[in-house]
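Next up, start_33.cif (mmCIF, C-alpha atoms and all ligand atoms):
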```cif
data_structure
loop_
_atom_site.label_atom_id
_atom_site.label_comp_id
_atom_site.auth_asym_id
_atom_site.auth_seq_id
_atom_site.Cartn_x
_atom_site.Cartn_y
_atom_site.Cartn_z
CA MET A 11 0.00 0.00 0.00
CA ILE A 12 1.26 3.47 -0.88
CA ALA A 13 1.38 5.84 2.12
CA PHE A 14 -0.89 8.91 2.10
CA ILE A 15 1.69 10.67 4.27
CA ASP A 16 4.90 8.69 4.81
CA LEU A 17 6.22 9.59 8.26
CA SER A 18 8.43 6.52 8.50
CA ALA A 19 10.61 7.49 5.52
CA GLN A 20 11.33 10.78 7.25
CA GLN A 21 11.97 9.07 10.57
CA GLN A 22 14.51 6.75 8.95
CA ARG A 23 16.36 9.76 7.59
CA ILE A 24 16.75 11.49 10.98
CA ARG A 25 16.48 8.58 13.41
CA PRO A 26 20.01 8.87 14.92
CA GLN A 27 19.62 12.63 15.48
CA VAL A 28 16.19 12.17 17.09
CA GLU A 29 17.47 9.39 19.34
CA ALA A 30 20.41 11.53 20.47
CA ALA A 31 18.12 14.50 21.11
CA LEU A 32 15.72 12.41 23.20
CA LEU A 33 18.62 10.95 25.19
CA ARG A 34 19.77 14.47 26.02
CA VAL A 35 16.32 15.20 27.47
CA LEU A 36 16.43 11.97 29.50
CA ASP A 37 19.82 13.06 30.81
CA HIS A 38 18.86 16.58 31.90
CA GLY A 39 15.39 15.53 33.03
CA GLN A 40 13.63 18.86 32.45
CA TYR A 41 10.57 17.36 30.82
CA ILE A 42 8.49 20.52 31.17
CA MET A 43 9.82 23.86 29.83
CA GLY A 44 13.30 22.41 29.36
CA PRO A 45 16.02 24.19 27.38
CA GLU A 46 14.88 22.65 24.05
CA VAL A 47 11.56 24.52 24.31
CA PHE A 48 13.36 27.88 24.40
CA GLU A 49 15.84 26.81 21.75
CA LEU A 50 12.97 25.82 19.46
CA GLU A 51 11.16 29.13 20.02
CA ALA A 52 14.32 31.03 19.08
CA SER A 53 14.87 28.87 15.97
CA LEU A 54 11.27 29.27 14.83
CA ALA A 55 11.39 33.03 15.36
CA GLN A 56 14.50 33.21 13.22
CA TYR A 57 13.08 30.89 10.56
CA CYS A 58 9.87 32.92 10.21
CA ASN A 59 11.53 36.29 10.84
CA VAL A 60 9.10 37.06 13.66
CA LYS A 61 9.92 38.71 16.98
CA HIS A 62 8.11 36.31 19.29
CA VAL A 63 7.24 32.63 19.17
CA ILE A 64 5.28 31.02 21.98
CA THR A 65 5.13 27.23 21.68
CA CYS A 66 2.13 25.42 23.12
CA ALA A 67 0.46 22.05 23.52
CA ASN A 68 -1.27 21.80 20.12
CA GLY A 69 -2.71 23.87 17.27
CA THR A 70 -6.13 24.11 18.88
CA ASP A 71 -4.67 25.50 22.12
CA ALA A 72 -2.68 27.97 20.01
CA LEU A 73 -5.98 29.32 18.66
CA VAL A 74 -7.62 29.35 22.11
CA LEU A 75 -4.65 31.16 23.68
CA GLY A 76 -4.68 33.66 20.81
CA LEU A 77 -8.38 34.42 21.34
CA MET A 78 -7.84 34.74 25.10
CA ALA A 79 -4.92 37.14 24.57
CA LEU A 80 -7.06 39.19 22.18
CA ASN A 81 -9.70 39.44 24.91
CA VAL A 82 -12.50 37.87 22.91
CA LYS A 83 -15.82 37.98 24.77
CA PRO A 84 -19.41 36.74 24.55
CA GLY A 85 -21.25 38.83 21.96
CA ASP A 86 -18.19 39.07 19.71
CA ALA A 87 -18.52 37.80 16.14
CA ILE A 88 -15.40 36.06 14.86
CA PHE A 89 -15.36 35.31 11.13
CA VAL A 90 -14.15 31.88 10.07
CA PRO A 91 -14.16 30.09 6.71
CA SER A 92 -16.79 27.38 6.32
CA PHE A 93 -14.34 25.06 4.53
CA THR A 94 -11.75 24.17 7.16
CA PHE A 95 -10.95 21.77 10.01
CA ALA A 96 -13.32 21.92 13.00
CA ALA A 97 -10.79 23.53 15.35
CA THR A 98 -10.93 26.91 13.56
CA ALA A 99 -14.57 27.47 14.58
CA GLU A 100 -14.64 25.37 17.75
CA VAL A 101 -12.21 27.63 19.60
CA VAL A 102 -14.43 30.66 19.07
CA THR A 103 -17.28 28.94 20.87
CA LEU A 104 -14.91 27.71 23.58
CA VAL A 105 -14.12 31.28 24.59
CA GLY A 106 -17.81 32.22 24.57
CA ALA A 107 -17.93 34.17 21.29
CA THR A 108 -19.88 33.39 18.10
CA PRO A 109 -18.25 31.99 14.95
CA VAL A 110 -19.78 33.51 11.81
CA PHE A 111 -19.10 31.44 8.70
CA VAL A 112 -17.76 32.92 5.48
CA ASP A 113 -17.74 31.01 2.18
CA VAL A 114 -14.47 30.33 0.33
CA LEU A 115 -13.13 30.93 -3.16
CA PRO A 116 -13.55 28.05 -5.63
CA ASP A 117 -9.92 28.12 -6.84
CA THR A 118 -7.83 28.48 -3.65
CA TYR A 119 -10.42 27.06 -1.20
CA ASN A 120 -9.62 30.04 1.05
CA LEU A 121 -11.83 32.71 2.66
CA ASP A 122 -13.55 34.97 0.12
CA PRO A 123 -12.84 38.63 1.03
CA LEU A 124 -16.00 39.86 -0.77
CA LYS A 125 -18.23 37.49 1.15
CA LEU A 126 -16.46 38.62 4.33
CA GLU A 127 -18.01 42.09 3.86
CA LYS A 128 -21.46 40.51 3.67
CA ALA A 129 -20.81 38.34 6.73
CA ILE A 130 -19.88 41.44 8.74
CA ASP A 131 -23.28 42.99 7.90
CA LEU A 132 -25.01 39.74 8.76
CA ALA A 133 -23.29 39.57 12.17
CA ARG A 134 -24.46 43.11 12.99
CA LYS A 135 -28.02 42.14 12.03
CA HIS A 136 -27.75 39.29 14.54
CA GLY A 137 -26.82 41.81 17.25
CA LEU A 138 -23.20 40.67 17.38
CA LYS A 139 -20.09 42.82 17.52
CA PRO A 140 -17.71 42.12 14.61
CA THR A 141 -14.33 41.71 16.32
CA GLY A 142 -11.89 39.50 14.45
CA ILE A 143 -11.19 37.19 11.53
CA ILE A 144 -9.47 33.81 11.52
CA PRO A 145 -8.33 33.26 7.93
CA VAL A 146 -7.04 29.74 7.24
CA ASP A 147 -4.24 28.89 4.79
CA LEU A 148 -5.96 25.74 3.64
CA PHE A 149 -3.82 22.80 2.46
CA GLY A 150 -0.73 25.05 2.77
CA GLN A 151 -1.78 27.80 0.33
CA PRO A 152 -1.84 31.25 1.98
CA ALA A 153 -5.20 33.03 1.89
CA ASP A 154 -5.28 36.46 0.23
CA HIS A 155 -4.11 38.17 3.41
CA MET A 156 -3.73 41.64 1.91
CA GLN A 157 -7.35 41.68 0.73
CA ILE A 158 -8.55 40.25 4.02
CA GLU A 159 -6.52 42.78 6.05
CA LYS A 160 -8.01 45.57 3.94
CA VAL A 161 -11.55 44.56 4.88
CA ALA A 162 -10.39 44.01 8.47
CA LYS A 163 -8.97 47.52 8.70
CA GLN A 164 -12.11 49.12 7.26
CA HIS A 165 -14.16 47.51 10.02
CA GLY A 166 -11.64 47.76 12.86
CA LEU A 167 -11.12 44.01 13.12
CA TRP A 168 -7.95 42.05 13.86
CA SER A 169 -6.91 38.93 12.00
CA MET A 170 -5.37 35.86 13.56
CA VAL A 171 -4.10 33.51 10.86
CA ASP A 172 -4.70 29.79 11.32
CA ALA A 173 -1.53 28.51 9.66
CA ALA A 174 -1.88 24.98 11.05
CA GLN A 175 -1.42 23.62 7.52
CA SER A 176 0.86 26.27 6.09
CA PHE A 177 4.01 26.43 8.20
CA GLY A 178 6.80 27.11 5.69
CA SER A 179 4.59 28.83 3.09
CA THR A 180 5.28 32.42 2.01
CA TYR A 181 3.06 35.40 1.28
CA ARG A 182 4.67 38.35 -0.52
CA GLY A 183 8.11 37.32 0.68
CA ARG A 184 7.08 36.75 4.27
CA ARG A 185 6.88 33.33 5.89
CA ALA A 186 3.65 32.25 7.56
CA GLY A 187 3.92 33.71 11.05
CA GLY A 188 4.89 37.16 9.81
CA TYR A 189 1.44 38.47 8.94
CA GLY A 190 -1.80 39.01 10.85
CA ARG A 191 -1.89 40.27 14.42
CA LEU A 192 -1.08 36.74 15.48
CA THR A 193 -0.46 33.53 13.59
CA THR A 194 -0.96 30.03 14.97
CA THR A 195 0.32 26.69 13.77
CA SER A 196 0.15 23.01 14.65
CA PHE A 197 2.87 20.38 14.93
CA PHE A 198 0.44 17.45 14.70
CA PRO A 199 2.47 14.63 13.10
CA ALA A 200 0.81 14.94 9.66
CA LYS A 201 1.30 18.71 9.31
CA PRO A 202 4.19 20.07 7.20
CA LEU A 203 6.36 20.41 10.34
CA GLY A 204 5.11 17.68 12.68
CA CYS A 205 6.35 16.26 15.98
CA TYR A 206 5.76 12.77 17.41
CA GLY A 207 2.75 13.74 19.47
CA GLU A 208 0.93 17.01 20.06
CA GLY A 209 2.41 20.45 19.56
CA GLY A 210 1.67 23.98 18.38
CA ALA A 211 2.96 27.54 18.35
CA ILE A 212 1.87 31.17 18.18
CA PHE A 213 3.79 33.84 16.27
CA THR A 214 3.57 37.59 16.75
CA ASN A 215 5.56 40.81 16.41
CA ASP A 216 3.53 42.41 19.22
CA THR A 217 5.63 42.30 22.42
CA GLU A 218 2.72 42.98 24.76
CA LEU A 219 0.61 40.20 23.25
CA ALA A 220 3.59 37.86 23.47
CA GLU A 221 3.94 38.57 27.21
CA THR A 222 0.24 37.88 27.74
CA LEU A 223 0.47 34.65 25.75
CA ARG A 224 3.43 33.41 27.80
CA SER A 225 1.44 34.07 30.95
CA LEU A 226 -1.77 32.45 29.64
CA ARG A 227 0.14 29.33 28.63
CA ILE A 228 1.13 28.72 32.27
CA HIS A 229 -2.07 29.32 34.29
CA GLY A 230 -2.02 33.09 33.88
CA GLN A 231 1.26 33.35 35.72
CA GLY A 232 2.78 36.64 36.84
CA ARG A 233 6.21 36.50 38.49
CA ASP A 234 5.92 32.71 38.62
CA LYS A 235 3.42 29.89 38.31
CA TYR A 236 2.10 30.50 41.84
CA ASP A 237 1.39 34.16 41.11
CA ASN A 238 -1.79 34.09 39.01
CA VAL A 239 -2.57 37.45 37.48
CA ARG A 240 -5.17 36.26 34.94
CA ILE A 241 -7.18 33.14 34.03
CA GLY A 242 -4.96 30.94 31.90
CA MET A 243 -4.49 27.26 31.21
CA ASN A 244 -1.92 24.49 30.98
CA GLY A 245 -0.88 24.98 27.38
CA ARG A 246 2.80 24.02 27.35
CA LEU A 247 4.70 22.13 24.67
CA GLU A 248 6.56 19.12 26.12
CA THR A 249 10.36 19.27 26.06
CA MET A 250 10.56 15.91 24.23
CA GLN A 251 8.45 17.27 21.37
CA ALA A 252 10.59 20.41 21.17
CA ALA A 253 13.71 18.22 20.96
CA ILE A 254 12.19 16.26 18.07
CA LEU A 255 11.03 19.41 16.27
CA LEU A 256 14.54 20.91 16.42
CA GLN A 257 15.84 17.89 14.49
CA LYS A 258 13.00 18.11 11.98
CA LEU A 259 13.51 21.83 11.43
CA ASP A 260 17.04 21.06 10.20
CA ILE A 261 15.71 19.18 7.17
CA PHE A 262 12.55 21.21 6.71
CA ASP A 263 13.76 23.42 3.84
CA ASP A 264 14.88 20.39 1.90
CA GLU A 265 11.49 18.79 2.50
CA LEU A 266 9.70 21.92 1.32
CA GLU A 267 11.70 21.81 -1.93
CA ARG A 268 10.76 18.18 -2.46
CA ARG A 269 7.11 19.04 -1.88
CA GLN A 270 7.32 21.75 -4.56
CA VAL A 271 8.73 19.27 -7.09
CA ILE A 272 6.02 16.72 -6.27
CA ALA A 273 3.21 19.29 -6.44
CA LYS A 274 4.50 20.51 -9.81
CA ARG A 275 4.57 16.97 -11.16
CA TYR A 276 0.96 16.36 -10.06
CA THR A 277 -0.17 19.62 -11.63
CA GLU A 278 1.57 18.87 -14.93
CA GLY A 279 0.11 15.37 -15.00
CA LEU A 280 -3.45 16.29 -14.09
CA ARG A 281 -4.29 19.86 -15.03
CA ASP A 282 -6.00 18.96 -18.31
CA ILE A 283 -8.55 16.66 -16.64
CA VAL A 284 -9.25 18.11 -13.16
CA SER A 285 -8.97 21.47 -11.36
CA THR A 286 -5.51 21.44 -9.82
CA PRO A 287 -4.62 23.64 -6.81
CA VAL A 288 -4.15 27.34 -7.56
CA VAL A 289 -1.15 29.12 -6.06
CA ILE A 290 -1.88 32.86 -6.07
CA PRO A 291 0.82 35.29 -7.28
CA ARG A 292 3.67 36.10 -4.91
CA THR A 293 2.91 33.19 -2.63
CA THR A 294 4.29 29.70 -2.13
CA SER A 295 2.38 26.79 -0.65
CA SER A 296 3.80 24.41 1.91
CA TRP A 297 1.71 21.66 0.27
CA ALA A 298 0.30 20.10 3.41
CA GLN A 299 -2.17 18.48 1.04
CA TYR A 300 -2.47 18.19 -2.73
CA THR A 301 -6.20 18.59 -3.25
CA ILE A 302 -7.87 18.51 -6.64
CA SER A 303 -11.43 19.38 -7.54
CA LEU A 304 -13.10 16.87 -9.86
CA GLY A 305 -15.99 18.88 -11.26
CA PRO A 306 -19.64 17.81 -11.10
CA SER A 307 -19.48 15.21 -13.89
CA VAL A 308 -17.00 12.85 -12.21
CA ASP A 309 -18.31 10.19 -9.84
CA ARG A 310 -16.03 10.68 -6.83
CA ASN A 311 -17.06 7.48 -5.03
CA MET A 312 -16.21 5.39 -8.08
CA LEU A 313 -12.89 7.16 -8.41
CA VAL A 314 -11.98 6.55 -4.77
CA GLN A 315 -12.80 2.85 -5.23
CA ALA A 316 -10.70 2.60 -8.38
CA MET A 317 -7.77 4.17 -6.54
CA GLU A 318 -8.26 1.86 -3.56
CA ALA A 319 -8.27 -1.15 -5.88
CA ALA A 320 -4.83 -0.01 -7.05
CA ASP A 321 -3.66 0.36 -3.41
CA ILE A 322 -3.62 4.14 -3.64
CA PRO A 323 -5.06 5.94 -0.60
CA THR A 324 -7.00 9.16 -1.06
CA MET A 325 -8.75 11.41 1.47
CA ILE A 326 -11.67 13.81 1.32
CA TYR A 327 -10.88 17.09 3.07
CA TYR A 328 -13.62 17.99 3.87
CA VAL A 329 -16.77 15.90 3.38
CA LYS A 330 -18.95 18.76 4.69
CA GLY A 331 -18.69 22.45 5.27
CA LEU A 332 -18.45 23.24 8.99
CA HIS A 333 -21.76 25.10 8.73
CA GLU A 334 -23.37 21.75 7.79
CA GLN A 335 -21.93 19.84 10.76
CA PRO A 336 -24.45 19.09 13.54
CA ALA A 337 -22.37 20.95 16.15
CA TYR A 338 -22.33 24.17 14.11
CA LEU A 339 -25.87 24.35 12.75
CA SER A 340 -26.89 27.21 15.03
CA TYR A 341 -24.33 29.77 13.84
CA PRO A 342 -25.01 32.58 11.37
CA ARG A 343 -23.99 32.16 7.76
CA GLY A 344 -24.90 33.59 4.38
CA ASP A 345 -24.49 31.90 1.01
CA MET A 346 -22.16 28.88 1.37
CA SER A 347 -22.64 27.42 -2.11
CA VAL A 348 -18.93 27.23 -2.98
CA THR A 349 -18.13 25.24 0.16
CA GLU A 350 -21.09 22.98 -0.48
CA SER A 351 -20.04 22.13 -4.01
CA LEU A 352 -16.35 21.80 -3.10
CA SER A 353 -17.16 19.29 -0.37
CA GLN A 354 -18.81 17.13 -3.06
CA GLN A 355 -15.93 17.44 -5.52
CA VAL A 356 -12.55 17.62 -3.77
CA LEU A 357 -10.10 14.77 -3.45
CA SER A 358 -6.70 14.81 -1.72
CA LEU A 359 -3.90 12.68 -3.16
CA PRO A 360 -0.87 11.15 -1.38
CA MET A 361 1.48 14.02 -0.55
CA HIS A 362 4.74 13.98 1.40
CA PRO A 363 8.39 14.85 0.68
CA TYR A 364 9.40 11.21 0.15
CA LEU A 365 6.92 10.31 -2.59
CA GLU A 366 9.06 8.73 -5.30
CA GLU A 367 8.68 9.75 -8.92
CA ALA A 368 7.76 6.25 -10.18
CA VAL A 369 5.10 5.86 -7.48
CA GLN A 370 3.73 9.29 -8.23
CA MET A 371 3.54 8.56 -11.98
CA HIS A 372 1.59 5.41 -11.13
CA ILE A 373 -0.85 7.51 -9.04
CA ILE A 374 -1.27 10.01 -11.88
CA GLU A 375 -1.82 7.27 -14.50
CA THR A 376 -4.31 5.40 -12.32
CA LEU A 377 -6.27 8.56 -11.65
CA ARG A 378 -6.28 9.53 -15.33
CA SER A 379 -7.61 6.20 -16.50
CA ALA A 380 -10.18 6.05 -13.69
CA ILE A 381 -11.50 9.48 -14.64
CA SER A 382 -11.75 8.71 -18.32
CA SER A 383 -13.64 5.48 -17.62
CA SER A 384 -15.92 7.03 -15.00
CA LYS A 385 -19.48 7.29 -16.28
CA PRO A 386 -20.97 10.77 -16.15
CA MET A 387 -22.69 11.10 -12.75
CA ARG A 388 -25.37 8.74 -11.44
CA MET A 389 -24.50 6.41 -8.60
CA VAL A 390 -25.28 2.75 -9.05
CA GLY A 391 -26.13 0.83 -5.86
C1 LIG B 1 -4.75 20.63 12.39
C2 LIG B 1 -5.48 21.88 12.39
C3 LIG B 1 -5.78 22.58 13.58
C4 LIG B 1 -5.56 22.01 14.96
O1 LIG B 1 -4.31 21.56 15.26
P1 LIG B 1 -4.10 20.46 16.42
O2 LIG B 1 -2.63 20.52 16.67
O3 LIG B 1 -4.56 19.15 15.87
O4 LIG B 1 -4.89 20.89 17.60
C5 LIG B 1 -6.39 23.82 13.48
N1 LIG B 1 -6.72 24.34 12.30
C6 LIG B 1 -6.49 23.70 11.13
C7 LIG B 1 -6.87 24.35 9.86
C8 LIG B 1 -5.88 22.44 11.14
O5 LIG B 1 -5.65 21.82 9.98
#
```
For the structure just supplied, provide its representation as structure tokens.
Amino acid sequence: MIAFIDLSAQQQRIRPQVEAALLRVLDHGQYIMGPEVFELEASLAQYCNVKHVITCANGTDALVLGLMALNVKPGDAIFVPSFTFAATAEVVTLVGATPVFVDVLPDTYNLDPLKLEKAIDLARKHGLKPTGIIPVDLFGQPADHMQIEKVAKQHGLWSMVDAAQSFGSTYRGRRAGGYGRLTTTSFFPAKPLGCYGEGGAIFTNDTELAETLRSLRIHGQGRDKYDNVRIGMNGRLETMQAAILLQKLDIFDDELERRQVIAKRYTEGLRDIVSTPVVIPRTTSSWAQYTISLGPSVDRNMLVQAMEAADIPTMIYYVKGLHEQPAYLSYPRGDMSVTESLSQQVLSLPMHPYLEEAVQMHIIETLRSAISSSKPMRMVG
């Protein structure tokens, strides 16, 4: 079976370095907030050219901590794309505010700045106070942050970028982490930069926010953990995970380059028969996923089965818009037609830096022949 994301090939490459790094942690014994945590924060800050990096327990906590630091309150409307992972909207509810869904663009799958304007009006009609936006860089492709920031500024909103999938991507020469009031990411194993467990981080150039975030991450600490100046949480990254991430960061640029080559090969092999991912000008994607859109005439179920029969795994990110999920039915939304049709038509293909050319060509050929033999529409029992 071909791997959808091959973490073992990467582990083989860096196994001795990871083992040595973990042994160092066992030797010094500082499992919580050990020196590797601070070393990682400094390395990430340098890599992303951002003043402050605050690591934390996972990408969801990164979003929660960000919302807490931004003082989000009940009655606030926070705008989130409808086509994303559940965490983006969930965290808004967790801090007592209201997520307001915004539809996405059909080519980049990212938040539509024009529909954002409409969602702001809609929130006001619901008696909510428009406060902030959480744009997502879906599948690694940066959203149109300049356009989004423009709308944000007009309405006095902040933006906190959910870069859980786009660590390593660039927008107008800046790495993810360097735009928005805050940026969050995740080190879940399958993300572009993943650890061997849970992990996340928050990036900001705002020194005051950074101080607040550091306090929130450790129970709202003041001078120390037993001086509690605000309500916080236990949101720390474990030292072991930081030690692993430091080793992975060393090979990350090389992995990004490999991802570019693989994405280009997919696009060249498939662009005449499906909609391939669009990379907007002056951006680079970190290619967390390679997600195509099949169009309404291709039977996706049949295609998935044909791929499975050839031992090729595929995934559907996402089978539903968040606004259609039972947990999110009560939140305001306008027209979500793009999300609704994308969720019927997208398909993610195996994507990781160690996908070999011959294997990839086999995936492309299998997909091509499955599409050309797929009968127009109509499901048969
Ligand atoms: C993975 C992901 C998260 C959450 O990250 P965890 O580390 O799993 O908590 C948030 N937002 C998006 C868009 C994600 O893909």
*Using all atoms listed in the file, determine which residues fall within 9 Å of ligand LIG 1 (chain B), then list them as a PyMOL selection string.*
chain A and resi 67-73+94-99+146-149+172-176+194-201+208-210
Taking C-alpha atoms for each residue, export the selection above as a CSV table (one decimal), keeping the file's coordinate frame.
```csv
chain,number,residue,atom,x,y,z
A,67,ALA,CA,0.5,22.0,23.5
A,68,ASN,CA,-1.3,21.8,20.1
A,69,GLY,CA,-2.7,23.9,17.3
A,70,THR,CA,-6.1,24.1,18.9
A,71,ASP,CA,-4.7,25.5,22.1
A,72,ALA,CA,-2.7,28.0,20.0
A,73,LEU,CA,-6.0,29.3,18.7
A,94,THR,CA,-11.8,24.2,7.2
A,95,PHE,CA,-11.0,21.8,10.0
A,96,ALA,CA,-13.3,21.9,13.0
A,97,ALA,CA,-10.8,23.5,15.4
A,98,THR,CA,-10.9,26.9,13.6
A,99,ALA,CA,-14.6,27.5,14.6
A,146,VAL,CA,-7.0,29.7,7.2
A,147,ASP,CA,-4.2,28.9,4.8
A,148,LEU,CA,-6.0,25.7,3.6
A,149,PHE,CA,-3.8,22.8,2.5
A,172,ASP,CA,-4.7,29.8,11.3
A,173,ALA,CA,-1.5,28.5,9.7
A,174,ALA,CA,-1.9,25.0,11.0
A,175,GLN,CA,-1.4,23.6,7.5
A,176,SER,CA,0.9,26.3,6.1
A,194,THR,CA,-1.0,30.0,15.0
A,195,THR,CA,0.3,26.7,13.8
A,196,SER,CA,0.2,23.0,14.6
A,197,PHE,CA,2.9,20.4,14.9
A,198,PHE,CA,0.4,17.4,14.7
A,199,PRO,CA,2.5,14.6,13.1
A,200,ALA,CA,0.8,14.9,9.7
A,201,LYS,CA,1.3,18.7,9.3
A,208,GLU,CA,0.9,17.0,20.1
A,209,GLY,CA,2.4,20.4,19.6
A,210,GLY,CA,1.7,24.0,18.4
```
*Looking at A:Gln27, A:Asn120, A:Thr180, A:Thr293, which one is nearest to Leu352 (chain A), with distances taken over all atoms listed in the file?*
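Comparing A:Gln27, A:Asn120, A:Thr180, A:Thr293 against Leu352 (chain A), the winner is A:Asn120.
Minimum distance to Ser340 (chain A) across A:Thr108, A:Thr141, A:Ser225, A:Leu377 (counting all atoms listed in the file) occurs at A:Thr108.
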Shell of 12 Å around Ala316 (chain A), all atoms listed in the file, local chain residues under 6 positions omitted, as an mmCIF file with C-alpha atoms, keeping the file's coordinate frame:
```
data_model
loop_
_atom_site.group_PDB
_atom_site.id
_atom_site.type_symbol
_atom_site.label_atom_id
_atom_site.label_comp_id
_atom_site.auth_asym_id
_atom_site.auth_seq_id
_atom_site.Cartn_x
_atom_site.Cartn_y
_atom_site.Cartn_z
ATOM 1 C CA ASP A 309 -18.310 10.190 -9.840
ATOM 2 C CA ARG A 310 -16.030 10.680 -6.830
ATOM 3 C CA ILE A 322 -3.620 4.140 -3.640
ATOM 4 C CA PRO A 323 -5.060 5.940 -0.600
ATOM 5 C CA THR A 324 -7.000 9.160 -1.060
ATOM 6 C CA ILE A 373 -0.850 7.510 -9.040
ATOM 7 C CA GLU A 375 -1.820 7.270 -14.500
ATOM 8 C CA THR A 376 -4.310 5.400 -12.320
ATOM 9 C CA LEU A 377 -6.270 8.560 -11.650
ATOM 10 C CA ARG A 378 -6.280 9.530 -15.330
ATOM 11 C CA SER A 379 -7.610 6.200 -16.500
ATOM 12 C CA ALA A 380 -10.180 6.050 -13.690
ATOM 13 C CA ILE A 381 -11.500 9.480 -14.640
ATOM 14 C CA SER A 382 -11.750 8.710 -18.320
ATOM 15 C CA SER A 383 -13.640 5.480 -17.620
ATOM 16 C CA SER A 384 -15.920 7.030 -15.000
#
```
_Rounded to one decimal, what separation in Å do you get between CA of Met156 (chain A) and CA of Val356 (chain A)?_
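If I compute the distance from CA of Met156 (chain A) to CA of Val356 (chain A), I get 26.2 Å.
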